[in-house]
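File shown here: protein.txt, holding compact mmCIF, N, CA and C atoms and all ligand atoms.
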# COMPACT_ATOMS: atom_id res chain seq x y z
N MET A 1 49.38 65.36 67.03
CA MET A 1 50.22 64.19 67.27
C MET A 1 49.32 62.95 67.41
N ASN A 2 49.67 61.86 66.73
CA ASN A 2 48.78 60.70 66.81
C ASN A 2 49.00 59.91 68.10
N PRO A 3 47.98 59.16 68.54
CA PRO A 3 48.03 58.48 69.84
C PRO A 3 49.24 57.53 69.96
N GLY A 4 49.62 56.90 68.83
CA GLY A 4 50.77 55.99 68.86
C GLY A 4 52.05 56.70 69.25
N GLU A 5 52.24 57.91 68.69
CA GLU A 5 53.47 58.66 69.01
C GLU A 5 53.50 59.05 70.48
N ILE A 6 52.33 59.41 71.01
CA ILE A 6 52.27 59.81 72.42
C ILE A 6 52.67 58.63 73.32
N VAL A 7 52.16 57.43 72.97
CA VAL A 7 52.50 56.25 73.78
C VAL A 7 54.01 55.99 73.69
N ILE A 8 54.56 56.07 72.47
CA ILE A 8 56.00 55.81 72.30
C ILE A 8 56.82 56.83 73.10
N LEU A 9 56.39 58.10 73.08
CA LEU A 9 57.12 59.14 73.82
C LEU A 9 57.09 58.85 75.32
N HIS A 10 55.91 58.44 75.84
CA HIS A 10 55.83 58.13 77.27
C HIS A 10 56.78 56.98 77.61
N ILE A 11 56.79 55.95 76.76
CA ILE A 11 57.66 54.79 77.04
C ILE A 11 59.13 55.21 77.01
N LEU A 12 59.52 55.94 75.93
CA LEU A 12 60.91 56.39 75.81
C LEU A 12 61.31 57.28 76.99
N HIS A 13 60.38 58.15 77.40
CA HIS A 13 60.64 59.07 78.50
C HIS A 13 60.95 58.29 79.79
N VAL A 14 60.07 57.32 80.09
CA VAL A 14 60.24 56.59 81.36
C VAL A 14 61.46 55.66 81.29
N VAL A 15 61.69 55.02 80.13
CA VAL A 15 62.88 54.15 80.02
C VAL A 15 64.15 54.98 80.19
N SER A 16 64.19 56.18 79.59
CA SER A 16 65.39 57.02 79.75
C SER A 16 65.53 57.50 81.19
N VAL A 17 64.40 57.79 81.85
CA VAL A 17 64.48 58.18 83.27
C VAL A 17 65.09 57.03 84.08
N LEU A 18 64.67 55.79 83.77
CA LEU A 18 65.21 54.63 84.50
C LEU A 18 66.71 54.50 84.26
N LEU A 19 67.13 54.66 82.98
CA LEU A 19 68.56 54.53 82.66
C LEU A 19 69.35 55.67 83.31
N LEU A 20 68.82 56.88 83.23
CA LEU A 20 69.50 58.02 83.85
C LEU A 20 69.66 57.77 85.35
N THR A 21 68.61 57.28 85.98
CA THR A 21 68.66 57.01 87.42
C THR A 21 69.68 55.92 87.73
N GLY A 22 69.60 54.81 87.00
CA GLY A 22 70.51 53.69 87.26
C GLY A 22 71.96 54.08 87.11
N PHE A 23 72.29 54.76 85.99
CA PHE A 23 73.70 55.09 85.75
C PHE A 23 74.17 56.22 86.66
N THR A 24 73.26 57.09 87.08
CA THR A 24 73.68 58.14 88.01
C THR A 24 74.03 57.52 89.36
N PHE A 25 73.21 56.59 89.85
CA PHE A 25 73.53 55.95 91.13
C PHE A 25 74.76 55.06 91.01
N LEU A 26 74.95 54.46 89.83
CA LEU A 26 76.16 53.67 89.62
C LEU A 26 77.41 54.55 89.74
N ALA A 27 77.30 55.80 89.27
CA ALA A 27 78.43 56.73 89.31
C ALA A 27 78.93 56.95 90.73
N PHE A 28 78.05 56.80 91.73
CA PHE A 28 78.47 57.01 93.12
C PHE A 28 79.35 55.88 93.64
N ALA A 29 79.30 54.71 92.97
CA ALA A 29 80.05 53.56 93.48
C ALA A 29 81.12 53.07 92.51
N ALA A 30 81.08 53.54 91.28
CA ALA A 30 81.97 53.00 90.24
C ALA A 30 83.39 53.56 90.39
N PRO A 31 84.41 52.81 89.92
CA PRO A 31 85.79 53.29 90.00
C PRO A 31 86.01 54.50 89.09
N PRO A 32 87.02 55.34 89.42
CA PRO A 32 87.25 56.59 88.66
C PRO A 32 87.40 56.37 87.16
N GLU A 33 88.00 55.24 86.75
CA GLU A 33 88.24 55.04 85.30
C GLU A 33 86.95 54.81 84.52
N SER A 34 85.83 54.59 85.24
CA SER A 34 84.55 54.38 84.56
C SER A 34 83.85 55.70 84.25
N ARG A 35 84.48 56.80 84.66
CA ARG A 35 83.84 58.12 84.55
C ARG A 35 83.29 58.40 83.15
N LYS A 36 84.17 58.23 82.15
CA LYS A 36 83.79 58.63 80.78
C LYS A 36 82.57 57.85 80.26
N PRO A 37 82.62 56.51 80.23
CA PRO A 37 81.46 55.80 79.68
C PRO A 37 80.18 56.02 80.47
N ILE A 38 80.30 56.07 81.81
CA ILE A 38 79.08 56.21 82.61
C ILE A 38 78.46 57.60 82.43
N LEU A 39 79.32 58.63 82.42
CA LEU A 39 78.76 59.98 82.22
C LEU A 39 78.23 60.15 80.81
N MET A 40 78.82 59.39 79.85
CA MET A 40 78.31 59.47 78.48
C MET A 40 76.91 58.86 78.40
N ILE A 41 76.75 57.68 78.99
CA ILE A 41 75.43 57.02 78.94
C ILE A 41 74.39 57.85 79.69
N SER A 42 74.76 58.33 80.89
CA SER A 42 73.75 59.09 81.65
C SER A 42 73.46 60.42 80.93
N GLY A 43 74.45 60.98 80.25
CA GLY A 43 74.23 62.22 79.49
C GLY A 43 73.27 62.01 78.34
N ILE A 44 73.46 60.90 77.62
CA ILE A 44 72.55 60.61 76.50
C ILE A 44 71.14 60.37 77.04
N ALA A 45 71.04 59.60 78.14
CA ALA A 45 69.72 59.33 78.74
C ALA A 45 69.05 60.65 79.15
N ALA A 46 69.85 61.56 79.73
CA ALA A 46 69.29 62.85 80.17
C ALA A 46 68.76 63.64 78.97
N LEU A 47 69.49 63.60 77.86
CA LEU A 47 69.03 64.32 76.67
C LEU A 47 67.72 63.73 76.14
N VAL A 48 67.61 62.39 76.17
CA VAL A 48 66.37 61.75 75.69
C VAL A 48 65.21 62.11 76.62
N VAL A 49 65.47 62.15 77.94
CA VAL A 49 64.42 62.56 78.89
C VAL A 49 63.92 63.96 78.52
N LEU A 50 64.87 64.88 78.28
CA LEU A 50 64.48 66.26 77.97
C LEU A 50 63.73 66.33 76.64
N ALA A 51 64.29 65.67 75.60
CA ALA A 51 63.68 65.75 74.27
C ALA A 51 62.26 65.17 74.26
N THR A 52 62.09 64.01 74.89
CA THR A 52 60.75 63.39 74.90
C THR A 52 59.81 64.21 75.79
N GLY A 53 60.35 64.77 76.88
CA GLY A 53 59.53 65.60 77.76
C GLY A 53 59.02 66.83 77.03
N VAL A 54 59.93 67.52 76.32
CA VAL A 54 59.53 68.74 75.60
C VAL A 54 58.53 68.39 74.49
N ARG A 55 58.77 67.28 73.80
CA ARG A 55 57.85 66.89 72.72
C ARG A 55 56.45 66.55 73.28
N MET A 56 56.42 65.91 74.47
CA MET A 56 55.11 65.62 75.08
C MET A 56 54.44 66.92 75.55
N TRP A 57 55.26 67.82 76.05
CA TRP A 57 54.73 69.12 76.48
C TRP A 57 54.06 69.80 75.28
N GLN A 58 54.72 69.70 74.12
CA GLN A 58 54.15 70.29 72.91
C GLN A 58 52.91 69.51 72.46
N GLY A 59 53.08 68.18 72.35
CA GLY A 59 52.02 67.36 71.76
C GLY A 59 50.79 67.20 72.64
N VAL A 60 51.01 67.08 73.95
CA VAL A 60 49.88 66.83 74.86
C VAL A 60 49.32 68.13 75.41
N PHE A 61 50.20 69.11 75.67
CA PHE A 61 49.75 70.34 76.35
C PHE A 61 49.92 71.61 75.51
N GLY A 62 50.34 71.45 74.25
CA GLY A 62 50.47 72.60 73.36
C GLY A 62 51.36 73.71 73.91
N PHE A 63 52.41 73.32 74.64
CA PHE A 63 53.36 74.26 75.25
C PHE A 63 52.66 75.25 76.18
N SER A 64 51.47 74.90 76.68
CA SER A 64 50.81 75.82 77.61
C SER A 64 51.56 75.81 78.95
N TYR A 65 51.45 76.94 79.67
CA TYR A 65 52.22 77.07 80.92
C TYR A 65 51.64 76.20 82.03
N HIS A 66 52.51 75.37 82.63
CA HIS A 66 52.13 74.58 83.81
C HIS A 66 53.31 74.61 84.77
N GLY A 67 53.03 75.01 86.02
CA GLY A 67 54.10 75.08 87.01
C GLY A 67 54.80 73.75 87.19
N TRP A 68 54.03 72.65 87.13
CA TRP A 68 54.65 71.34 87.37
C TRP A 68 55.69 70.99 86.31
N ILE A 69 55.51 71.50 85.08
CA ILE A 69 56.51 71.22 84.04
C ILE A 69 57.80 72.00 84.34
N ILE A 70 57.63 73.23 84.80
CA ILE A 70 58.82 74.03 85.16
C ILE A 70 59.59 73.33 86.28
N VAL A 71 58.85 72.85 87.30
CA VAL A 71 59.51 72.15 88.42
C VAL A 71 60.23 70.90 87.89
N LYS A 72 59.58 70.18 86.94
CA LYS A 72 60.23 68.99 86.38
C LYS A 72 61.51 69.34 85.64
N VAL A 73 61.49 70.45 84.90
CA VAL A 73 62.71 70.86 84.19
C VAL A 73 63.82 71.16 85.21
N LEU A 74 63.46 71.82 86.32
CA LEU A 74 64.46 72.12 87.35
C LEU A 74 64.98 70.81 87.97
N CYS A 75 64.07 69.84 88.20
CA CYS A 75 64.48 68.54 88.75
C CYS A 75 65.44 67.85 87.77
N TRP A 76 65.12 67.93 86.49
CA TRP A 76 65.95 67.31 85.46
C TRP A 76 67.35 67.92 85.48
N LEU A 77 67.38 69.27 85.56
CA LEU A 77 68.65 69.99 85.57
C LEU A 77 69.50 69.55 86.78
N ALA A 78 68.87 69.52 87.95
CA ALA A 78 69.60 69.17 89.17
C ALA A 78 70.04 67.71 89.14
N PHE A 79 69.14 66.83 88.71
CA PHE A 79 69.50 65.40 88.73
C PHE A 79 70.59 65.10 87.70
N SER A 80 70.55 65.78 86.56
CA SER A 80 71.55 65.54 85.52
C SER A 80 72.95 65.95 85.96
N ALA A 81 73.02 66.87 86.92
CA ALA A 81 74.33 67.33 87.39
C ALA A 81 74.95 66.35 88.38
N LEU A 82 74.14 65.44 88.93
CA LEU A 82 74.63 64.59 90.02
C LEU A 82 75.72 63.59 89.58
N GLY A 83 75.61 63.08 88.34
CA GLY A 83 76.58 62.09 87.86
C GLY A 83 78.01 62.64 87.92
N GLY A 84 78.19 63.84 87.39
CA GLY A 84 79.52 64.47 87.41
C GLY A 84 79.98 64.72 88.84
N LEU A 85 79.06 65.21 89.68
CA LEU A 85 79.39 65.47 91.09
C LEU A 85 79.79 64.19 91.80
N ALA A 86 79.15 63.07 91.41
CA ALA A 86 79.40 61.79 92.08
C ALA A 86 80.88 61.42 92.00
N TYR A 87 81.53 61.73 90.88
CA TYR A 87 82.95 61.41 90.73
C TYR A 87 83.85 62.41 91.43
N ARG A 88 83.42 63.69 91.42
CA ARG A 88 84.30 64.73 91.97
C ARG A 88 84.14 64.87 93.48
N ARG A 89 82.98 64.51 94.02
CA ARG A 89 82.71 64.70 95.45
C ARG A 89 82.31 63.37 96.08
N ARG A 90 83.20 62.38 95.98
CA ARG A 90 82.89 61.04 96.50
C ARG A 90 82.54 61.08 97.99
N ASN A 91 83.18 62.03 98.71
CA ASN A 91 82.94 62.11 100.16
C ASN A 91 81.49 62.53 100.47
N LEU A 92 80.85 63.16 99.49
CA LEU A 92 79.46 63.61 99.71
C LEU A 92 78.44 62.61 99.17
N ALA A 93 78.92 61.42 98.74
CA ALA A 93 78.04 60.45 98.07
C ALA A 93 76.74 60.16 98.83
N PRO A 94 76.79 59.85 100.14
CA PRO A 94 75.54 59.53 100.84
C PRO A 94 74.53 60.67 100.77
N LEU A 95 75.02 61.90 101.00
CA LEU A 95 74.13 63.06 100.96
C LEU A 95 73.56 63.26 99.55
N LEU A 96 74.44 63.18 98.55
CA LEU A 96 74.00 63.42 97.17
C LEU A 96 73.00 62.35 96.71
N MET A 97 73.16 61.13 97.21
CA MET A 97 72.20 60.08 96.83
C MET A 97 70.81 60.36 97.42
N VAL A 98 70.80 60.85 98.66
CA VAL A 98 69.51 61.21 99.29
C VAL A 98 68.88 62.37 98.51
N VAL A 99 69.71 63.37 98.17
CA VAL A 99 69.22 64.51 97.39
C VAL A 99 68.65 64.02 96.05
N GLY A 100 69.38 63.09 95.39
CA GLY A 100 68.92 62.54 94.11
C GLY A 100 67.58 61.84 94.24
N ALA A 101 67.44 61.04 95.29
CA ALA A 101 66.17 60.33 95.50
C ALA A 101 65.03 61.33 95.72
N PHE A 102 65.33 62.39 96.46
CA PHE A 102 64.32 63.41 96.73
C PHE A 102 63.91 64.12 95.43
N ILE A 103 64.90 64.45 94.59
CA ILE A 103 64.61 65.13 93.31
C ILE A 103 63.71 64.25 92.44
N LEU A 104 64.03 62.94 92.39
CA LEU A 104 63.21 62.03 91.59
C LEU A 104 61.78 61.97 92.12
N ALA A 105 61.67 61.92 93.45
CA ALA A 105 60.34 61.86 94.07
C ALA A 105 59.53 63.10 93.71
N VAL A 106 60.18 64.27 93.73
CA VAL A 106 59.47 65.51 93.39
C VAL A 106 59.02 65.47 91.93
N ALA A 107 59.93 65.03 91.01
CA ALA A 107 59.59 65.01 89.58
C ALA A 107 58.42 64.07 89.31
N VAL A 108 58.42 62.90 89.96
CA VAL A 108 57.33 61.93 89.74
C VAL A 108 56.03 62.45 90.36
N ALA A 109 56.13 63.07 91.56
CA ALA A 109 54.93 63.63 92.20
C ALA A 109 54.32 64.71 91.31
N MET A 110 55.17 65.54 90.68
CA MET A 110 54.67 66.62 89.82
C MET A 110 53.82 66.08 88.69
N VAL A 111 54.32 65.01 88.03
CA VAL A 111 53.61 64.54 86.84
C VAL A 111 52.31 63.82 87.20
N TYR A 112 52.28 63.16 88.36
CA TYR A 112 51.05 62.44 88.69
C TYR A 112 50.04 63.32 89.44
N ALA A 113 50.53 64.26 90.27
CA ALA A 113 49.59 65.12 91.01
C ALA A 113 49.28 66.40 90.23
N LYS A 114 50.20 66.84 89.40
CA LYS A 114 50.06 68.11 88.65
C LYS A 114 49.41 69.18 89.53
N PRO A 115 50.09 69.53 90.66
CA PRO A 115 49.44 70.40 91.65
C PRO A 115 49.26 71.84 91.20
N PHE A 116 50.06 72.30 90.24
CA PHE A 116 49.88 73.69 89.76
C PHE A 116 50.30 73.80 88.30
C1 LIG B 201 64.29 63.64 86.39
C2 LIG B 201 63.42 64.14 85.56
C3 LIG B 201 62.09 63.52 85.17
C4 LIG B 201 61.41 62.45 85.70
C5 LIG B 201 61.80 61.55 86.88
C6 LIG B 201 60.20 62.32 84.93
C7 LIG B 201 59.24 61.33 85.12
C8 LIG B 201 58.09 61.21 84.40
C9 LIG B 201 57.09 60.17 84.57
C10 LIG B 201 57.20 59.01 85.57
C11 LIG B 201 56.09 60.42 83.70
C12 LIG B 201 54.78 59.64 83.60
C13 LIG B 201 54.72 58.81 82.35
C14 LIG B 201 53.40 58.09 82.26
O1 LIG B 201 52.52 58.26 83.13
O2 LIG B 201 53.24 57.35 81.28
C15 LIG B 201 56.42 61.62 82.97
C16 LIG B 201 55.63 62.20 82.00
C17 LIG B 201 55.87 63.44 81.46
N1 LIG B 201 57.00 64.21 81.59
FE1 LIG B 201 58.62 63.72 82.70
N2 LIG B 201 60.17 63.30 83.95
C18 LIG B 201 61.31 64.06 84.08
C19 LIG B 201 61.67 65.14 83.30
C20 LIG B 201 60.83 65.81 82.45
C21 LIG B 201 61.15 67.02 81.75
C22 LIG B 201 62.50 67.73 81.81
C23 LIG B 201 60.03 67.38 81.05
C24 LIG B 201 59.74 68.57 80.18
C25 LIG B 201 60.56 69.31 79.58
C26 LIG B 201 59.02 66.39 81.29
C27 LIG B 201 57.74 66.40 80.78
C28 LIG B 201 56.83 65.37 80.90
C29 LIG B 201 55.52 65.37 80.26
C30 LIG B 201 54.95 66.48 79.38
C31 LIG B 201 54.91 64.16 80.60
C32 LIG B 201 53.53 63.67 80.15
C33 LIG B 201 52.50 63.94 81.22
C34 LIG B 201 51.13 63.44 80.81
O3 LIG B 201 50.98 62.84 79.74
O4 LIG B 201 50.22 63.64 81.61
N3 LIG B 201 59.54 65.44 82.15
N4 LIG B 201 57.65 62.08 83.41
Once more with this new file: its structure as structure tokens, please.
Amino acid sequence: MNPGEIVILHILHVVSVLLLTGFTFLAFAAPPESRKPILMISGIAALVVLATGVRMWQGVFGFSYHGWIIVKVLCWLAFSALGGLAYRRRNLAPLLMVVGAFILAVAVAMVYAKPF
């Protein structure tokens, strides 16, 4: 993979993470009729996060096993579920937002510390 593609993947990955985060937190406060467009945007952002993540895993690490990547995939799975939950469990919004912030913190810590 050429260096230009790696840079583009990193940028796309982080921009999609920002969009996924923004629209997921918006889902906790938005009116019920906004469900479809907001879940659509956060769903597309989540797919781009996964696709760019997997491509970087292949291009930068040759799909070699790293515990931190597995933890990131689990964080992605859990965080991607929050948008839908935000509409169905409005009463749990404060708790789910704290959980979401914690999941993001773990995912970011994994990529920068790469502890295992
Ligand atoms: C909520 C989920 C995620 C968050 C918050 C997140 C966040 C980040 C951040 C902040 C970076 C650093 C970019 C940079 O330094 O330029 C990164 C890089 C990366 N992410 Fe993710 N990511 C998530 C999900 C995933 C998933 C699901 C995968 C794999 C399938 C993945 C694989 C990677 C890889 C391989 C890198 C490049 C690391 C490197 O070049 O050292 N990420 N991610």
Legend entry - Residue neighbourhood Trp76 of chain A, 9 Å, only C-alpha atoms, exclusion window fewer than 6 positions, as a ChimeraX atom specification: /A:46,49-50,103-104,107
Legend entry - Surrounding residues as an NGL selection string, ligand LIG 201 (chain B), max 7 Å, only N, CA and C atoms and all ligand atoms: :A and (10-11 or 13-14 or 17 or 49-58 or 60-61 or 69-70 or 72-77 or 79-80 or 103-108 or 111-112)
Saved selection, atoms kept: N, CA and C atoms, as a CSV table (one decimal), in the coordinates of the input:
chain,number,residue,atom,x,y,z
A,10,HIS,N,55.9,58.4,75.8
A,10,HIS,CA,55.8,58.1,77.3
A,10,HIS,C,56.8,57.0,77.6
A,11,ILE,N,56.8,56.0,76.8
A,11,ILE,CA,57.7,54.8,77.0
A,11,ILE,C,59.1,55.2,77.0
A,13,HIS,N,60.4,58.2,77.4
A,13,HIS,CA,60.6,59.1,78.5
A,13,HIS,C,61.0,58.3,79.8
A,14,VAL,N,60.1,57.3,80.1
A,14,VAL,CA,60.2,56.6,81.4
A,14,VAL,C,61.5,55.7,81.3
A,17,VAL,N,64.4,57.8,81.8
A,17,VAL,CA,64.5,58.2,83.3
A,17,VAL,C,65.1,57.0,84.1
A,49,VAL,N,65.5,62.2,77.9
A,49,VAL,CA,64.4,62.6,78.9
A,49,VAL,C,63.9,64.0,78.5
A,50,LEU,N,64.9,64.9,78.3
A,50,LEU,CA,64.5,66.3,78.0
A,50,LEU,C,63.7,66.3,76.6
A,51,ALA,N,64.3,65.7,75.6
A,51,ALA,CA,63.7,65.8,74.3
A,51,ALA,C,62.3,65.2,74.3
A,52,THR,N,62.1,64.0,74.9
A,52,THR,CA,60.8,63.4,74.9
A,52,THR,C,59.8,64.2,75.8
A,53,GLY,N,60.4,64.8,76.9
A,53,GLY,CA,59.5,65.6,77.8
A,53,GLY,C,59.0,66.8,77.0
A,54,VAL,N,59.9,67.5,76.3
A,54,VAL,CA,59.5,68.7,75.6
A,54,VAL,C,58.5,68.4,74.5
A,55,ARG,N,58.8,67.3,73.8
A,55,ARG,CA,57.8,66.9,72.7
A,55,ARG,C,56.4,66.6,73.3
A,56,MET,N,56.4,65.9,74.5
A,56,MET,CA,55.1,65.6,75.1
A,56,MET,C,54.4,66.9,75.6
A,57,TRP,N,55.3,67.8,76.0
A,57,TRP,CA,54.7,69.1,76.5
A,57,TRP,C,54.1,69.8,75.3
A,58,GLN,N,54.7,69.7,74.1
A,58,GLN,CA,54.2,70.3,72.9
A,58,GLN,C,52.9,69.5,72.5
A,60,VAL,N,51.0,67.1,74.0
A,60,VAL,CA,49.9,66.8,74.9
A,60,VAL,C,49.3,68.1,75.4
A,61,PHE,N,50.2,69.1,75.7
A,61,PHE,CA,49.8,70.3,76.4
A,61,PHE,C,49.9,71.6,75.5
A,69,ILE,N,55.5,71.5,85.1
A,69,ILE,CA,56.5,71.2,84.0
A,69,ILE,C,57.8,72.0,84.3
A,70,ILE,N,57.6,73.2,84.8
A,70,ILE,CA,58.8,74.0,85.2
A,70,ILE,C,59.6,73.3,86.3
A,72,LYS,N,59.6,70.2,86.9
A,72,LYS,CA,60.2,69.0,86.4
A,72,LYS,C,61.5,69.3,85.6
A,73,VAL,N,61.5,70.4,84.9
A,73,VAL,CA,62.7,70.9,84.2
A,73,VAL,C,63.8,71.2,85.2
A,74,LEU,N,63.5,71.8,86.3
A,74,LEU,CA,64.5,72.1,87.4
A,74,LEU,C,65.0,70.8,88.0
A,75,CYS,N,64.1,69.8,88.2
A,75,CYS,CA,64.5,68.5,88.8
A,75,CYS,C,65.4,67.8,87.8
A,76,TRP,N,65.1,67.9,86.5
A,76,TRP,CA,66.0,67.3,85.5
A,76,TRP,C,67.4,67.9,85.5
A,77,LEU,N,67.4,69.3,85.6
A,77,LEU,CA,68.6,70.0,85.6
A,77,LEU,C,69.5,69.6,86.8
A,79,PHE,N,69.1,66.8,88.7
A,79,PHE,CA,69.5,65.4,88.7
A,79,PHE,C,70.6,65.1,87.7
A,80,SER,N,70.6,65.8,86.6
A,80,SER,CA,71.6,65.5,85.5
A,80,SER,C,73.0,66.0,86.0
A,103,ILE,N,64.9,64.4,94.6
A,103,ILE,CA,64.6,65.1,93.3
A,103,ILE,C,63.7,64.2,92.4
A,104,LEU,N,64.0,62.9,92.4
A,104,LEU,CA,63.2,62.0,91.6
A,104,LEU,C,61.8,62.0,92.1
A,105,ALA,N,61.7,61.9,93.4
A,105,ALA,CA,60.3,61.9,94.1
A,105,ALA,C,59.5,63.1,93.7
A,106,VAL,N,60.2,64.3,93.7
A,106,VAL,CA,59.5,65.5,93.4
A,106,VAL,C,59.0,65.5,91.9
A,107,ALA,N,59.9,65.0,91.0
A,107,ALA,CA,59.6,65.0,89.6
A,107,ALA,C,58.4,64.1,89.3
A,108,VAL,N,58.4,62.9,90.0
A,108,VAL,CA,57.3,61.9,89.7
A,108,VAL,C,56.0,62.4,90.4
A,111,VAL,N,54.3,65.0,88.0
A,111,VAL,CA,53.6,64.5,86.8
A,111,VAL,C,52.3,63.8,87.2
A,112,TYR,N,52.3,63.2,88.4
A,112,TYR,CA,51.0,62.4,88.7
A,112,TYR,C,50.0,63.3,89.4
Using the file's own x, y and z axes, what box holds all listed atoms of segment 29-44 of chain A with 8 Å on each side, keeping edges along x, y and z, and what are its centre and edge lengths in Å to one decimal, as lines of an AutoDock Vina configuration file?
center_x = 79.7
center_y = 57.5
center_z = 85.0
size_x = 33.1
size_y = 25.4
size_z = 33.0
Inset, instruction - Quick one: everything within 12 Å of Phe23 of chain A, counting only C-alpha atoms, minus sequence neighbours fewer than 6 positions away in the same chain. Send it as number ranges by chain. - result: A: 16-17, 29-30, 34-46, 79-80, 82-84, 86
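A straight line drawn from atom CA of Tyr87 of chain A to atom CA of Val48 of chain A is 22.4 Å long.
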